Amino acid sequence: MDDERRMRRQEGKPTELRWKWVEDYCWRNDCLRSQNQCNDKWDNLMRDFKKVREYERRVVEASGEEIIRSYWKIEKNERKEKNLPTNMLPEIYEALVEVMDKKSQRMLLPSLPPTLQQQSTPLPLPPITTTVTQTDYTTNVPFTTMCDSSDPDHSSERSDSPAKKRRMRGGGEGTSGTSKCNINNSSQEVGSAISKSAAIIAEAIQSCEERGDRRHKELLSLHQRRLQIEESKAEINKEGINGLVDSINKLANSILALAGNKNQSTDPK
């Protein structure tokens with residue numbers, strides 16, 4: 001869209017910078033990214049696209065003895081071993097192929113005579129060599145994911161533009177169906193996150209309560225053992241005192257009996 005805008009621009013009229021225009025377009029579609037983030041994301045996409053395109057070209061040019069499986073048939077770990085992007089989607093690849101076809105056509109047209117410019121066709125790029133079924137890629141990719149930056153820090157986003165400030169205050173005026181879909185997806189993600197958090201919190205509370213019950217039972221058991229020990233000590237002390245009293249009584253009786261026998265032996269006849 002930006003290339004077409006530049007080709008339609010009027011002579012002598014200044015044109016807005018590419019990534020500034022892309023930033024404004026993203027903000028109008030409720031994708032809040034700065035021009036630097038958009039530029040970085042595009043560079044990353046093109047870098048991954050060129051790697052996959054070159055690999056697919058080698059797949060097509062491989063001889064019968066050397067069999068190279070297509071990028072779309074290998075697993076993520078194998079892609080990583082081959083120094084290829086692990087998460088390139090076929091939809092994004094095909095879109096980039098279309099962009100590069102149009103770009104090569106625009107670069108070819110100025111060098112052709114006017115009579116041949118209408119007959120020129122874009123130079124084809126290596127297509128995807130395998131058929132990718134719908135079941136292979138069922139993950140919904142929201143628009144904000146495709147325009148997300150590799151840098152999660154959004155603090156670099158500028159808010160100098162008055163139009164941007166109006167959009168920030170407006171809170172989503174002029175959003176399209178895509179933005180509504182993004183809001184729904186975000187709501188579902190938030191709801192799922194809240195449910196998971198609630199489950200984790202409930203599990204933590206239940207575990208805490210169970211630990212509290214176990215501790216309470218342990219304290220009760222410890223208190224009961226302490227009472228039993230004290231009762232045992234009291235019983236032992238009681239038995240010791242009773243034994244001492246009995247011994248004293250026996251000793252007193254023995255002393256009295258001995259004194260009586262002594263008195264009888266000393267009486268005159």
# chains A, B, ... in the order shown; residues from 1 in each chain; ligands from 1

call {"tool": "residues_around", "arguments": {"residues": "Val22 of chain A", "least_positions_apart": "6", "cutoff": "12 Å", "atoms": "only C-alpha atoms", "output": "PyMOL selection string"}}
result
chain A and resi 1-3+5+16+28-29+31-39+41-42+147

call {"tool": "write_last_selection", "arguments": {"atoms": "N, CA and C atoms", "output": "mmCIF file, in the first residue's frame"}}
result
data_model
loop_
_atom_site.group_PDB
_atom_site.id
_atom_site.type_symbol
_atom_site.label_atom_id
_atom_site.label_comp_id
_atom_site.auth_asym_id
_atom_site.auth_seq_id
_atom_site.Cartn_x
_atom_site.Cartn_y
_atom_site.Cartn_z
ATOM 1 N N MET A 1 0.830 -1.207 0.000
ATOM 2 C CA MET A 1 0.000 0.000 0.000
ATOM 3 C C MET A 1 0.860 1.250 0.000
ATOM 4 N N ASP A 2 1.946 1.221 0.752
ATOM 5 C CA ASP A 2 2.822 2.395 0.802
ATOM 6 C C ASP A 2 3.542 2.594 -0.530
ATOM 7 N N ASP A 3 3.971 1.496 -1.178
ATOM 8 C CA ASP A 3 4.615 1.628 -2.482
ATOM 9 C C ASP A 3 3.659 2.214 -3.509
ATOM 10 N N ARG A 5 1.145 4.103 -2.833
ATOM 11 C CA ARG A 5 0.941 5.506 -2.450
ATOM 12 C C ARG A 5 2.072 6.379 -2.967
ATOM 13 N N GLU A 16 4.839 11.860 2.998
ATOM 14 C CA GLU A 16 5.108 11.458 4.380
ATOM 15 C C GLU A 16 6.056 10.259 4.402
ATOM 16 N N ARG A 28 -4.591 3.612 13.216
ATOM 17 C CA ARG A 28 -5.987 3.692 12.771
ATOM 18 C C ARG A 28 -6.677 2.337 12.852
ATOM 19 N N ASN A 29 -5.905 1.248 12.791
ATOM 20 C CA ASN A 29 -6.455 -0.101 12.884
ATOM 21 C C ASN A 29 -6.264 -0.697 14.272
ATOM 22 N N CYS A 31 -3.742 -1.016 16.186
ATOM 23 C CA CYS A 31 -2.487 -1.726 16.467
ATOM 24 C C CYS A 31 -1.477 -0.684 16.917
ATOM 25 N N LEU A 32 -1.285 -0.561 18.217
ATOM 26 C CA LEU A 32 -0.544 0.558 18.791
ATOM 27 C C LEU A 32 0.947 0.257 18.795
ATOM 28 N N ARG A 33 1.593 0.554 17.672
ATOM 29 C CA ARG A 33 3.029 0.331 17.527
ATOM 30 C C ARG A 33 3.682 1.571 16.926
ATOM 31 N N SER A 34 4.923 1.814 17.325
ATOM 32 C CA SER A 34 5.653 2.970 16.810
ATOM 33 C C SER A 34 6.278 2.632 15.471
ATOM 34 N N GLN A 35 6.752 3.671 14.769
ATOM 35 C CA GLN A 35 7.365 3.448 13.469
ATOM 36 C C GLN A 35 8.656 2.629 13.592
ATOM 37 N N ASN A 36 9.400 2.813 14.667
ATOM 38 C CA ASN A 36 10.611 2.025 14.864
ATOM 39 C C ASN A 36 10.284 0.544 15.062
ATOM 40 N N GLN A 37 9.218 0.266 15.821
ATOM 41 C CA GLN A 37 8.815 -1.122 16.038
ATOM 42 C C GLN A 37 8.340 -1.764 14.732
ATOM 43 N N CYS A 38 7.594 -1.014 13.937
ATOM 44 C CA CYS A 38 7.135 -1.531 12.650
ATOM 45 C C CYS A 38 8.320 -1.828 11.734
ATOM 46 N N ASN A 39 9.278 -0.912 11.713
ATOM 47 C CA ASN A 39 10.463 -1.098 10.863
ATOM 48 C C ASN A 39 11.243 -2.338 11.300
ATOM 49 N N LYS A 41 10.101 -4.943 12.950
ATOM 50 C CA LYS A 41 9.313 -6.145 12.661
ATOM 51 C C LYS A 41 9.418 -6.507 11.185
ATOM 52 N N TRP A 42 9.373 -5.517 10.303
ATOM 53 C CA TRP A 42 9.483 -5.775 8.874
ATOM 54 C C TRP A 42 10.863 -6.363 8.534
ATOM 55 N N CYS A 147 1.954 -7.575 13.650
ATOM 56 C CA CYS A 147 2.604 -6.266 13.693
ATOM 57 C C CYS A 147 3.316 -6.044 15.006
#

call {"tool": "atom_distance", "arguments": {"atom1": "atom CA of Lys103 of chain A", "atom2": "atom CA of Met46 of chain A"}}
result
13.4 Å

call {"tool": "select_by_dssp", "arguments": {"residues": "segment 21-102 of chain A", "states": "alpha helix (DSSP H)", "output": "NGL selection string"}}
result
:A and (21-28 or 35-61 or 76-81 or 90-102)
